[in-house]
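Structure below is work-v6.csv: CSV, C-alpha atoms.
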```
chain,number,residue,atom,x,y,z
A,1,MET,CA,-0.5,-25.7,10.0
A,2,THR,CA,2.6,-24.9,12.2
A,3,GLN,CA,4.0,-21.4,12.4
A,4,SER,CA,7.7,-21.1,11.7
A,5,SER,CA,9.6,-20.4,14.9
A,6,ASP,CA,10.9,-16.8,14.9
A,7,ASP,CA,11.1,-15.1,18.3
A,8,SER,CA,12.6,-11.9,16.8
A,9,PHE,CA,9.2,-10.6,15.7
A,10,THR,CA,6.3,-9.4,17.9
A,11,ASN,CA,3.7,-10.7,15.5
A,12,PRO,CA,3.6,-14.2,13.9
A,13,VAL,CA,5.4,-14.5,10.6
A,14,TYR,CA,4.6,-17.1,8.0
A,15,TYR,CA,7.0,-18.6,5.4
A,16,ASP,CA,6.7,-21.1,2.5
A,17,GLU,CA,6.8,-24.0,4.9
A,18,ASP,CA,3.7,-22.7,6.8
A,19,GLY,CA,1.4,-22.7,3.8
A,20,ASP,CA,0.1,-25.2,1.2
A,21,VAL,CA,-1.3,-23.8,-2.1
A,22,SER,CA,-3.4,-27.0,-2.3
A,23,ASP,CA,-5.6,-25.5,0.4
A,24,ILE,CA,-7.0,-23.2,-2.3
A,25,GLU,CA,-6.4,-25.1,-5.5
A,26,ASP,CA,-10.0,-26.0,-5.8
A,27,GLU,CA,-11.2,-22.4,-5.4
A,28,THR,CA,-12.2,-20.1,-8.2
A,29,VAL,CA,-10.7,-16.7,-7.4
A,30,ALA,CA,-12.3,-13.4,-8.6
A,31,ILE,CA,-9.7,-10.6,-8.8
A,32,LEU,CA,-11.7,-7.4,-8.9
A,33,GLY,CA,-9.5,-4.8,-10.6
A,34,TYR,CA,-6.5,-5.1,-12.9
A,35,GLY,CA,-4.3,-2.3,-11.8
A,36,SER,CA,-0.9,-2.5,-10.0
A,37,GLN,CA,-1.9,-5.3,-7.6
A,38,GLY,CA,-4.7,-6.9,-9.6
A,39,HIS,CA,-2.6,-7.8,-12.6
A,40,ALA,CA,0.3,-9.2,-10.5
A,41,GLN,CA,-1.8,-11.2,-8.1
A,42,ALA,CA,-4.0,-12.6,-10.9
A,43,GLN,CA,-1.0,-13.8,-13.0
A,44,ASN,CA,0.9,-15.2,-10.0
A,45,LEU,CA,-2.2,-17.2,-9.0
A,46,ALA,CA,-2.7,-18.5,-12.5
A,47,ASP,CA,0.9,-19.6,-12.6
A,48,ASN,CA,0.1,-21.8,-9.6
A,49,GLY,CA,-2.8,-23.4,-11.4
A,50,ILE,CA,-5.5,-21.4,-9.6
A,51,ASP,CA,-8.7,-20.7,-11.6
A,52,VAL,CA,-8.8,-16.9,-11.9
A,53,ILE,CA,-11.5,-14.7,-13.2
A,54,VAL,CA,-10.8,-10.9,-13.4
A,55,GLY,CA,-13.8,-8.7,-12.7
A,56,LEU,CA,-13.9,-5.5,-14.7
A,57,GLN,CA,-16.7,-3.2,-15.9
A,58,GLU,CA,-17.8,-3.7,-19.6
A,59,ASP,CA,-16.1,-0.4,-20.6
A,60,SER,CA,-12.9,-1.0,-18.8
A,61,SER,CA,-9.8,-0.3,-20.9
A,62,SER,CA,-8.0,-3.1,-19.1
A,63,ARG,CA,-10.1,-5.9,-20.6
A,64,LYS,CA,-7.8,-6.2,-23.6
A,65,GLU,CA,-4.8,-6.5,-21.3
A,66,VAL,CA,-6.5,-9.3,-19.3
A,67,LYS,CA,-7.2,-11.3,-22.4
A,68,ALA,CA,-3.7,-10.7,-23.7
A,69,ASP,CA,-2.4,-12.2,-20.5
A,70,GLY,CA,-4.5,-15.3,-21.1
A,71,LEU,CA,-7.0,-14.8,-18.3
A,72,ARG,CA,-10.8,-14.8,-18.2
A,73,VAL,CA,-12.6,-11.5,-17.7
A,74,SER,CA,-16.2,-10.7,-16.8
A,75,THR,CA,-18.1,-8.1,-14.9
A,76,PRO,CA,-17.4,-7.8,-11.2
A,77,ALA,CA,-20.9,-9.2,-10.4
A,78,GLU,CA,-20.5,-12.2,-12.7
A,79,ALA,CA,-17.0,-12.9,-11.4
A,80,ALA,CA,-18.1,-12.7,-7.8
A,81,SER,CA,-21.0,-15.0,-8.4
A,82,ALA,CA,-18.7,-17.6,-10.0
A,83,ALA,CA,-16.0,-17.4,-7.4
A,84,ASP,CA,-15.2,-18.9,-4.0
A,85,ARG,CA,-12.8,-16.2,-3.1
A,86,ILE,CA,-13.5,-12.5,-4.0
A,87,VAL,CA,-10.4,-10.3,-3.8
A,88,MET,CA,-11.2,-6.6,-3.7
A,89,LEU,CA,-8.3,-4.9,-5.5
A,90,VAL,CA,-10.0,-1.7,-6.7
A,91,PRO,CA,-9.2,1.6,-5.0
A,92,ASP,CA,-10.7,2.3,-1.5
A,93,THR,CA,-12.8,5.1,-2.9
A,94,VAL,CA,-14.8,2.8,-5.2
A,95,GLN,CA,-14.9,-0.4,-3.2
A,96,THR,CA,-18.3,0.4,-1.6
A,97,SER,CA,-20.0,0.9,-5.0
A,98,VAL,CA,-18.3,-2.3,-6.3
A,99,TYR,CA,-19.4,-4.2,-3.2
A,100,ASP,CA,-23.0,-3.0,-3.9
A,101,ASP,CA,-22.7,-4.6,-7.3
A,102,ILE,CA,-21.4,-7.9,-6.1
A,103,LYS,CA,-22.9,-8.5,-2.7
A,104,GLU,CA,-25.9,-10.5,-4.0
A,105,GLY,CA,-23.5,-13.0,-5.5
A,106,ILE,CA,-21.6,-13.6,-2.3
A,107,GLU,CA,-22.6,-17.0,-0.9
A,108,LYS,CA,-22.2,-18.8,2.4
A,109,GLY,CA,-18.7,-20.2,2.7
A,110,ASN,CA,-17.1,-17.7,0.3
A,111,THR,CA,-14.1,-15.6,1.3
A,112,LEU,CA,-14.1,-11.8,0.9
A,113,GLN,CA,-10.5,-10.7,0.8
A,114,PHE,CA,-8.8,-7.2,0.8
A,115,ALA,CA,-5.4,-5.8,0.5
A,116,HIS,CA,-6.1,-2.8,2.8
A,117,GLY,CA,-8.5,-2.7,5.7
A,118,PHE,CA,-10.0,0.8,5.3
A,119,ASN,CA,-13.6,-0.1,4.3
A,120,ILE,CA,-14.0,-3.0,6.7
A,121,HIS,CA,-12.4,-1.2,9.7
A,122,TYR,CA,-14.4,1.9,9.3
A,123,GLY,CA,-17.7,0.1,8.6
A,124,GLN,CA,-18.2,1.1,5.0
A,125,ILE,CA,-18.5,-2.5,3.9
A,126,GLU,CA,-20.5,-4.9,6.2
A,127,PRO,CA,-20.0,-8.5,4.9
A,128,PRO,CA,-22.4,-11.3,5.6
A,129,VAL,CA,-21.6,-13.2,8.9
A,130,ASP,CA,-21.3,-16.6,7.1
A,131,VAL,CA,-18.2,-15.7,5.0
A,132,ASP,CA,-14.5,-15.5,5.8
A,133,VAL,CA,-13.1,-11.9,5.7
A,134,THR,CA,-9.3,-11.8,5.3
A,135,MET,CA,-6.5,-9.6,4.1
A,136,VAL,CA,-3.4,-10.4,2.2
A,137,ALA,CA,-1.4,-7.3,1.5
A,138,PRO,CA,1.9,-7.4,-0.4
A,139,LYS,CA,4.1,-4.6,0.9
A,140,THR,CA,5.3,-3.7,-2.6
A,141,PRO,CA,3.9,-2.3,-5.8
A,142,GLY,CA,2.4,-4.9,-8.1
A,143,HIS,CA,5.0,-4.8,-10.8
A,144,LEU,CA,7.7,-5.7,-8.2
A,145,LEU,CA,5.4,-8.5,-6.8
A,146,ARG,CA,5.2,-10.0,-10.3
A,147,ARG,CA,8.9,-9.4,-11.2
A,148,THR,CA,10.2,-11.0,-8.0
A,149,TYR,CA,7.8,-13.9,-8.4
A,150,LYS,CA,9.1,-14.7,-11.8
A,151,ARG,CA,12.6,-14.7,-10.4
A,152,ASP,CA,11.6,-17.3,-7.8
A,153,GLU,CA,11.9,-14.6,-5.2
A,154,GLY,CA,9.3,-12.8,-3.1
A,155,THR,CA,8.3,-9.6,-1.3
A,156,PRO,CA,7.1,-9.3,2.3
A,157,GLY,CA,3.4,-9.0,3.0
A,158,LEU,CA,0.8,-8.7,5.7
A,159,LEU,CA,-2.0,-11.1,6.6
A,160,ALA,CA,-5.1,-10.5,8.8
A,161,VAL,CA,-8.3,-12.4,9.6
A,162,TYR,CA,-11.3,-10.2,10.4
A,163,GLN,CA,-14.0,-12.9,10.3
A,164,ASP,CA,-13.4,-16.7,10.4
A,165,ALA,CA,-16.7,-18.3,9.5
A,166,SER,CA,-15.0,-21.5,8.1
A,167,ASN,CA,-12.4,-22.0,10.9
A,168,GLU,CA,-9.9,-22.2,8.0
A,169,ALA,CA,-9.6,-18.6,7.1
A,170,ARG,CA,-6.0,-18.2,8.3
A,171,GLU,CA,-4.7,-21.3,6.6
A,172,LYS,CA,-6.3,-20.4,3.3
A,173,ALA,CA,-5.0,-16.8,3.5
A,174,ILE,CA,-1.5,-18.2,4.1
A,175,ALA,CA,-2.0,-20.5,1.1
A,176,TYR,CA,-3.0,-17.4,-1.0
A,177,ALA,CA,0.0,-15.5,0.2
A,178,LYS,CA,2.2,-18.4,-0.8
A,179,ALA,CA,0.5,-18.6,-4.2
A,180,ILE,CA,1.4,-14.9,-5.0
A,181,GLY,CA,5.0,-15.3,-3.6
A,182,CYS,CA,4.9,-13.4,-0.4
A,183,THR,CA,5.7,-16.3,2.0
A,184,ARG,CA,9.1,-16.6,0.2
A,185,ALA,CA,10.1,-13.4,2.0
A,186,GLY,CA,7.8,-13.6,5.0
A,187,VAL,CA,4.2,-12.6,5.8
A,188,ILE,CA,3.5,-10.8,9.1
A,189,GLU,CA,0.1,-11.4,10.8
A,190,THR,CA,-1.7,-8.3,11.9
A,191,THR,CA,-5.3,-7.1,12.3
A,192,PHE,CA,-7.5,-5.0,10.0
A,193,ARG,CA,-7.3,-2.2,12.7
A,194,GLU,CA,-3.6,-2.2,13.1
A,195,GLU,CA,-2.9,-2.4,9.3
A,196,THR,CA,-5.4,0.4,8.6
A,197,GLU,CA,-4.4,2.8,11.3
A,198,THR,CA,-0.6,2.4,11.0
A,199,ASP,CA,-0.9,2.7,7.2
A,200,LEU,CA,-2.9,6.0,7.3
A,201,PHE,CA,-0.7,7.5,10.0
A,202,GLY,CA,2.5,6.6,8.2
A,203,GLU,CA,1.2,8.1,5.0
A,204,GLN,CA,0.1,11.3,6.6
A,205,ALA,CA,2.7,12.0,9.2
A,206,VAL,CA,5.9,10.6,7.6
A,207,LEU,CA,5.9,9.0,4.1
A,208,CYS,CA,3.8,11.3,2.0
A,209,GLY,CA,2.6,14.2,4.0
A,210,GLY,CA,5.5,14.7,6.5
A,211,VAL,CA,8.3,14.2,3.9
A,212,THR,CA,6.7,16.4,1.3
A,213,GLU,CA,6.0,19.3,3.7
A,214,LEU,CA,9.5,18.9,5.2
A,215,VAL,CA,11.1,19.3,1.8
A,216,ASN,CA,8.9,22.2,0.9
A,217,ALA,CA,9.5,24.0,4.2
A,218,GLY,CA,13.3,23.5,3.9
A,219,PHE,CA,13.3,24.7,0.3
A,220,GLU,CA,11.2,27.8,1.1
A,221,THR,CA,13.4,28.6,4.2
A,222,LEU,CA,16.5,28.7,2.1
A,223,VAL,CA,15.0,30.5,-0.9
A,224,ASP,CA,13.4,33.1,1.4
A,225,ALA,CA,16.8,33.7,3.0
A,226,GLY,CA,18.2,34.6,-0.5
A,227,TYR,CA,19.8,31.3,-1.5
A,228,SER,CA,19.3,30.1,-5.1
A,229,PRO,CA,16.4,27.7,-5.8
A,230,GLU,CA,18.8,25.3,-7.4
A,231,MET,CA,21.0,25.0,-4.3
A,232,ALA,CA,17.9,24.7,-2.1
A,233,TYR,CA,16.5,21.9,-4.3
A,234,PHE,CA,19.8,20.0,-4.2
A,235,GLU,CA,20.1,20.2,-0.4
A,236,CYS,CA,16.4,19.6,0.5
A,237,MET,CA,15.1,17.3,-2.3
A,238,ASN,CA,17.8,15.7,-4.5
A,239,GLU,CA,20.0,14.4,-1.7
A,240,LEU,CA,17.0,13.0,0.1
A,241,LYS,CA,17.0,9.9,-2.1
A,242,HIS,CA,20.6,9.1,-1.2
A,243,ILE,CA,19.8,9.4,2.6
A,244,VAL,CA,16.6,7.3,2.3
A,245,ASP,CA,18.5,4.6,0.3
A,246,LEU,CA,21.0,4.3,3.0
A,247,MET,CA,18.3,4.1,5.7
A,248,TYR,CA,16.5,1.4,3.6
A,249,GLU,CA,19.6,-0.7,3.3
A,250,GLY,CA,20.7,-0.6,6.9
A,251,GLY,CA,18.6,1.7,9.1
A,252,HIS,CA,19.5,5.0,10.8
A,253,MET,CA,23.0,3.9,11.8
A,254,GLU,CA,23.9,2.9,8.2
A,255,MET,CA,23.0,6.4,7.1
A,256,LEU,CA,24.8,8.1,10.0
A,257,ASN,CA,27.9,5.9,9.5
A,258,SER,CA,27.9,7.0,5.8
A,259,VAL,CA,27.7,10.8,6.2
A,260,SER,CA,30.3,13.2,7.6
A,261,ASP,CA,30.8,13.7,11.4
A,262,THR,CA,29.6,17.2,10.9
A,263,ALA,CA,26.4,16.0,9.2
A,264,GLU,CA,25.9,13.4,11.9
A,265,TYR,CA,26.3,15.8,14.8
A,266,GLY,CA,23.9,18.3,13.2
A,267,ALA,CA,21.4,15.6,12.7
A,268,LEU,CA,21.7,14.2,16.3
A,269,THR,CA,21.4,17.7,17.9
A,270,ARG,CA,19.0,19.5,15.7
A,271,GLY,CA,16.6,17.0,14.1
A,272,GLU,CA,14.2,16.8,17.1
A,273,GLU,CA,13.7,20.6,17.0
A,274,ILE,CA,11.6,20.5,13.8
A,275,ILE,CA,9.3,17.6,14.8
A,276,ASP,CA,6.0,18.4,16.5
A,277,ARG,CA,5.1,15.3,18.5
A,278,ASP,CA,1.8,16.8,19.6
A,279,ALA,CA,0.8,17.4,15.9
A,280,MET,CA,1.7,13.8,15.2
A,281,GLN,CA,-0.4,12.5,18.0
A,282,LYS,CA,-3.4,14.6,16.7
A,283,ILE,CA,-3.0,12.9,13.3
A,284,LEU,CA,-3.0,9.5,15.0
A,285,ASP,CA,-6.0,10.5,17.1
A,286,ASP,CA,-8.0,11.4,14.0
A,287,VAL,CA,-7.1,8.1,12.4
A,288,GLN,CA,-8.0,6.1,15.5
A,289,THR,CA,-11.3,7.8,16.1
A,290,GLY,CA,-12.4,7.6,12.5
A,291,GLU,CA,-12.4,11.4,12.1
A,292,PHE,CA,-10.0,11.2,9.1
A,293,ALA,CA,-12.1,8.4,7.5
A,294,ARG,CA,-15.3,10.5,7.9
A,295,GLU,CA,-13.6,13.5,6.4
A,296,TRP,CA,-12.2,11.6,3.4
A,297,ILE,CA,-15.5,9.9,2.7
A,298,SER,CA,-17.3,13.3,2.8
A,299,GLU,CA,-14.6,14.8,0.6
A,300,ASN,CA,-15.3,12.1,-2.1
A,301,GLN,CA,-19.0,12.6,-1.8
A,302,ALA,CA,-18.5,16.3,-2.5
A,303,ASN,CA,-16.3,15.7,-5.6
A,304,ARG,CA,-13.0,16.4,-3.7
A,305,PRO,CA,-12.8,20.2,-3.5
A,306,VAL,CA,-10.2,20.3,-0.7
A,307,TYR,CA,-8.2,17.5,-2.4
A,308,ASN,CA,-8.2,19.3,-5.7
A,309,GLN,CA,-7.2,22.6,-4.2
A,310,HIS,CA,-4.2,21.1,-2.3
A,311,ARG,CA,-3.1,19.0,-5.2
A,312,GLN,CA,-3.1,22.1,-7.5
A,313,ALA,CA,-1.1,24.0,-4.9
A,314,GLU,CA,1.5,21.2,-4.7
A,315,GLN,CA,1.7,21.0,-8.5
A,316,ASN,CA,2.4,24.8,-8.6
A,317,HIS,CA,5.1,24.8,-5.9
A,318,GLN,CA,8.4,26.1,-7.0
A,319,THR,CA,10.1,22.8,-6.3
A,320,GLU,CA,8.2,21.2,-9.2
A,321,ASP,CA,9.6,23.7,-11.7
A,322,VAL,CA,13.1,23.7,-10.4
A,323,GLY,CA,13.2,20.0,-10.1
A,324,GLU,CA,12.0,19.4,-13.6
A,325,ARG,CA,14.8,21.6,-15.0
A,326,LEU,CA,17.5,20.1,-12.7
A,327,ARG,CA,16.6,16.5,-13.4
A,328,GLU,CA,17.5,17.1,-17.0
A,329,LEU,CA,21.1,17.2,-15.8
A,330,PHE,CA,21.0,13.7,-14.5
A,331,VAL,CA,21.4,12.0,-17.9
A,332,TRP,CA,23.7,9.4,-16.3
A,333,ASP,CA,20.8,8.3,-14.2
A,334,LYS,CA,18.7,7.4,-17.2
```
Is it possible to express this structure as structure tokens?
Amino acid sequence: MTQSSDDSFTNPVYYDEDGDVSDIEDETVAILGYGSQGHAQAQNLADNGIDVIVGLQEDSSSRKEVKADGLRVSTPAEAASAADRIVMLVPDTVQTSVYDDIKEGIEKGNTLQFAHGFNIHYGQIEPPVDVDVTMVAPKTPGHLLRRTYKRDEGTPGLLAVYQDASNEAREKAIAYAKAIGCTRAGVIETTFREETETDLFGEQAVLCGGVTELVNAGFETLVDAGYSPEMAYFECMNELKHIVDLMYEGGHMEMLNSVSDTAEYGALTRGEEIIDRDAMQKILDDVQTGEFAREWISENQANRPVYNQHRQAEQNHQTEDVGERLRELFVWDK
């Protein structure tokens, strides 16, 4: 296997020419879970002639969907026992209990594969030493992974090798990434540590936590100053999509080139004032030391009291009510 030459990236990047689906064509792959990623990866693999078994509990409502899609379904333990590659695509919070159900069926030479490194990186799952442990993580929701695959296109992904018992773990992971369509766009090699810690930090500090709190704080500042909730919503929430779309298409400069000079000057001279870098560093420290992981694991063991409290507060925030009413105006967007 020869990596494609691409000096523009820090980490290795693999494309279609770097992988061969025949490297895993003799494998039976157990896809555990049939949610967003599970259904897409299972169907893409099957389209490549890979023998796929979907592992679901007996009472899972997804069993009918699996059968309708023409795939085999059995319990997670049965699927894992019959498979050469076990792909863990159930939520992080239930992976440890699923692993307890399947671990007796994992044999020497098997591959245990993940799409997120949380439970391996933080030691919640300790695999046998005689199996490969890899990660193939499409950087897209499953429905887009399936849709682009059917159009002979692909979406980028990540790949990591945690344990290489066979000395072939990387090659076979690339083959898997090719079989689900990710090498069509490019698969970046990383590590379980890097993927997990950057993912958690990004979610908390920017993508989910940071953006949500920024919108709420801006909305509240305007409303508390006497401006109408509708105007506050338009300026702090509605227009955010347009700004993010521009950044997605061409980066920060694409966005700045598209807004007025007044908006650009205000952004360049005022934006830094609302960012607390020390707070961001604390969030990263908690991720790196495992403090966040320990907190989240304890939260789930206690039936999520803090999670539920914060979620209810978010649901009751005024932006939810105002937004629901204003979105009715956007009939053209439907």
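Shell of Leu144 (chain A) at 12 Å, with all atoms listed in the file counted and residues fewer than 2 places along the chain excluded, is Ser36, Gln37, His39, Ala40, Gln41, Asn44, Pro138, Lys139, Thr140, Pro141, Gly142, Arg146, Arg147, Thr148, Tyr149, Lys150, Arg151, Glu153, Gly154, Thr155, Pro156, Ile180, Gly181 and Cys182 of chain A.
Shown here are all protein and nucleic acid residues lying within 12 Å of (-8.7, -27.7, -6.6), with all atoms listed in the file considered: Val21, Ser22, Asp23, Ile24, Glu25, Asp26, Glu27, Thr28, Val29, Asn48, Gly49, Ile50, Asp51 and Asp84 of chain A.
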Name the residues, using the chain letters and numbers of the file, that sit within 12 Å of (-9.6, -4.7, -0.3) when counting all atoms listed in the file, and give them as a PDB file with C-alpha atoms, in the frame of the given file.
```
ATOM      1  CA  ILE A  31      -9.700 -10.600  -8.800  1.00  0.00           C
ATOM      2  CA  LEU A  32     -11.700  -7.400  -8.900  1.00  0.00           C
ATOM      3  CA  GLY A  33      -9.500  -4.800 -10.600  1.00  0.00           C
ATOM      4  CA  GLN A  37      -1.900  -5.300  -7.600  1.00  0.00           C
ATOM      5  CA  GLY A  38      -4.700  -6.900  -9.600  1.00  0.00           C
ATOM      6  CA  ILE A  86     -13.500 -12.500  -4.000  1.00  0.00           C
ATOM      7  CA  VAL A  87     -10.400 -10.300  -3.800  1.00  0.00           C
ATOM      8  CA  MET A  88     -11.200  -6.600  -3.700  1.00  0.00           C
ATOM      9  CA  LEU A  89      -8.300  -4.900  -5.500  1.00  0.00           C
ATOM     10  CA  VAL A  90     -10.000  -1.700  -6.700  1.00  0.00           C
ATOM     11  CA  PRO A  91      -9.200   1.600  -5.000  1.00  0.00           C
ATOM     12  CA  ASP A  92     -10.700   2.300  -1.500  1.00  0.00           C
ATOM     13  CA  THR A  93     -12.800   5.100  -2.900  1.00  0.00           C
ATOM     14  CA  VAL A  94     -14.800   2.800  -5.200  1.00  0.00           C
ATOM     15  CA  GLN A  95     -14.900  -0.400  -3.200  1.00  0.00           C
ATOM     16  CA  THR A  96     -18.300   0.400  -1.600  1.00  0.00           C
ATOM     17  CA  VAL A  98     -18.300  -2.300  -6.300  1.00  0.00           C
ATOM     18  CA  TYR A  99     -19.400  -4.200  -3.200  1.00  0.00           C
ATOM     19  CA  THR A 111     -14.100 -15.600   1.300  1.00  0.00           C
ATOM     20  CA  LEU A 112     -14.100 -11.800   0.900  1.00  0.00           C
ATOM     21  CA  GLN A 113     -10.500 -10.700   0.800  1.00  0.00           C
ATOM     22  CA  PHE A 114      -8.800  -7.200   0.800  1.00  0.00           C
ATOM     23  CA  ALA A 115      -5.400  -5.800   0.500  1.00  0.00           C
ATOM     24  CA  HIS A 116      -6.100  -2.800   2.800  1.00  0.00           C
ATOM     25  CA  GLY A 117      -8.500  -2.700   5.700  1.00  0.00           C
ATOM     26  CA  PHE A 118     -10.000   0.800   5.300  1.00  0.00           C
ATOM     27  CA  ASN A 119     -13.600  -0.100   4.300  1.00  0.00           C
ATOM     28  CA  ILE A 120     -14.000  -3.000   6.700  1.00  0.00           C
ATOM     29  CA  HIS A 121     -12.400  -1.200   9.700  1.00  0.00           C
ATOM     30  CA  GLN A 124     -18.200   1.100   5.000  1.00  0.00           C
ATOM     31  CA  ILE A 125     -18.500  -2.500   3.900  1.00  0.00           C
ATOM     32  CA  VAL A 133     -13.100 -11.900   5.700  1.00  0.00           C
ATOM     33  CA  THR A 134      -9.300 -11.800   5.300  1.00  0.00           C
ATOM     34  CA  MET A 135      -6.500  -9.600   4.100  1.00  0.00           C
ATOM     35  CA  VAL A 136      -3.400 -10.400   2.200  1.00  0.00           C
ATOM     36  CA  ALA A 137      -1.400  -7.300   1.500  1.00  0.00           C
ATOM     37  CA  PRO A 138       1.900  -7.400  -0.400  1.00  0.00           C
ATOM     38  CA  ALA A 160      -5.100 -10.500   8.800  1.00  0.00           C
ATOM     39  CA  PHE A 192      -7.500  -5.000  10.000  1.00  0.00           C
ATOM     40  CA  GLU A 195      -2.900  -2.400   9.300  1.00  0.00           C
ATOM     41  CA  THR A 196      -5.400   0.400   8.600  1.00  0.00           C
TER      42      THR A 196
END
```
Please provide the set of residues having any atom within 12 Å of Cys236 (chain A), restricted to only C-alpha atoms, with same-chain residues fewer than 2 positions apart removed, written as a PDB file with C-alpha atoms, keeping the file's coordinate frame.
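around06.pdb, freshly written:
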```pdb
ATOM      1  CA  VAL A 211       8.300  14.200   3.900  1.00  0.00           C
ATOM      2  CA  THR A 212       6.700  16.400   1.300  1.00  0.00           C
ATOM      3  CA  GLU A 213       6.000  19.300   3.700  1.00  0.00           C
ATOM      4  CA  LEU A 214       9.500  18.900   5.200  1.00  0.00           C
ATOM      5  CA  VAL A 215      11.100  19.300   1.800  1.00  0.00           C
ATOM      6  CA  ASN A 216       8.900  22.200   0.900  1.00  0.00           C
ATOM      7  CA  ALA A 217       9.500  24.000   4.200  1.00  0.00           C
ATOM      8  CA  GLY A 218      13.300  23.500   3.900  1.00  0.00           C
ATOM      9  CA  PHE A 219      13.300  24.700   0.300  1.00  0.00           C
ATOM     10  CA  GLU A 220      11.200  27.800   1.100  1.00  0.00           C
ATOM     11  CA  THR A 221      13.400  28.600   4.200  1.00  0.00           C
ATOM     12  CA  LEU A 222      16.500  28.700   2.100  1.00  0.00           C
ATOM     13  CA  VAL A 223      15.000  30.500  -0.900  1.00  0.00           C
ATOM     14  CA  PRO A 229      16.400  27.700  -5.800  1.00  0.00           C
ATOM     15  CA  GLU A 230      18.800  25.300  -7.400  1.00  0.00           C
ATOM     16  CA  MET A 231      21.000  25.000  -4.300  1.00  0.00           C
ATOM     17  CA  ALA A 232      17.900  24.700  -2.100  1.00  0.00           C
ATOM     18  CA  TYR A 233      16.500  21.900  -4.300  1.00  0.00           C
ATOM     19  CA  PHE A 234      19.800  20.000  -4.200  1.00  0.00           C
ATOM     20  CA  ASN A 238      17.800  15.700  -4.500  1.00  0.00           C
ATOM     21  CA  GLU A 239      20.000  14.400  -1.700  1.00  0.00           C
ATOM     22  CA  LEU A 240      17.000  13.000   0.100  1.00  0.00           C
ATOM     23  CA  LYS A 241      17.000   9.900  -2.100  1.00  0.00           C
ATOM     24  CA  HIS A 242      20.600   9.100  -1.200  1.00  0.00           C
ATOM     25  CA  ILE A 243      19.800   9.400   2.600  1.00  0.00           C
ATOM     26  CA  THR A 319      10.100  22.800  -6.300  1.00  0.00           C
ATOM     27  CA  GLY A 323      13.200  20.000 -10.100  1.00  0.00           C
TER      28      GLY A 323
END
```
Find the residue from A:Val244, A:Asp20, A:Gly210, A:Pro305 that sits nearest to Leu256 (chain A); use all atoms listed in the file when measuring. A:Val244
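The residue that comes closest to Arg72 (chain A), out of A:Val259, A:Ile102, A:Ala30, A:Ile283 and on the basis of all atoms listed in the file, is A:Ala30.
Restricting the calculation to only C-alpha atoms, the smallest distance between Gly70 (chain A) and any of A:Glu58, A:Asp245, A:Glu291, A:Asp47 is found for A:Asp47.
Between Arg277 (chain A) and the candidates A:Ala225, A:Val322, A:Ala175, A:Val206, the tightest atom-to-atom separation, counting only C-alpha atoms, involves A:Val206.
CA of Asp164 (chain A) is found 12.1 Å from CA of Lys108 (chain A).
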For CA of Pro12 (chain A) and CA of Glu197 (chain A), the interatomic separation in Å (one decimal): 19.0 Å
Could you pull the residues within 8 Å of Val187 (chain A), counting all atoms listed in the file, minus those fewer than 2 positions along the same chain, as a list in words? Val13, Tyr14, Tyr15, Pro156, Gly157, Leu158, Leu159, Ala177, Cys182, Thr183, Ala185 and Glu189 of chain A
Convert the current residue selection to file output with C-alpha atoms, as an mmCIF file, keeping the file's coordinate frame.
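Resulting contents of selection.cif:
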```
data_model
loop_
_atom_site.group_PDB
_atom_site.id
_atom_site.type_symbol
_atom_site.label_atom_id
_atom_site.label_comp_id
_atom_site.auth_asym_id
_atom_site.auth_seq_id
_atom_site.Cartn_x
_atom_site.Cartn_y
_atom_site.Cartn_z
ATOM 1 C CA VAL A 13 5.400 -14.500 10.600
ATOM 2 C CA TYR A 14 4.600 -17.100 8.000
ATOM 3 C CA TYR A 15 7.000 -18.600 5.400
ATOM 4 C CA PRO A 156 7.100 -9.300 2.300
ATOM 5 C CA GLY A 157 3.400 -9.000 3.000
ATOM 6 C CA LEU A 158 0.800 -8.700 5.700
ATOM 7 C CA LEU A 159 -2.000 -11.100 6.600
ATOM 8 C CA ALA A 177 0.000 -15.500 0.200
ATOM 9 C CA CYS A 182 4.900 -13.400 -0.400
ATOM 10 C CA THR A 183 5.700 -16.300 2.000
ATOM 11 C CA ALA A 185 10.100 -13.400 2.000
ATOM 12 C CA GLU A 189 0.100 -11.400 10.800
#
```
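Considering the residues A:Leu284, A:Arg270, A:Arg327, A:Val129 and counting all atoms listed in the file, Gly202 (chain A) has its shortest atom-to-atom contact with A:Leu284.
Nearest to His310 (chain A) of all the residues A:Ala79, A:Ser166, A:Gly105, A:Gly209 is A:Gly209, counting only C-alpha atoms.
Take CA of Asp276 (chain A) and CA of Phe292 (chain A): the distance between them is 19.0 Å.
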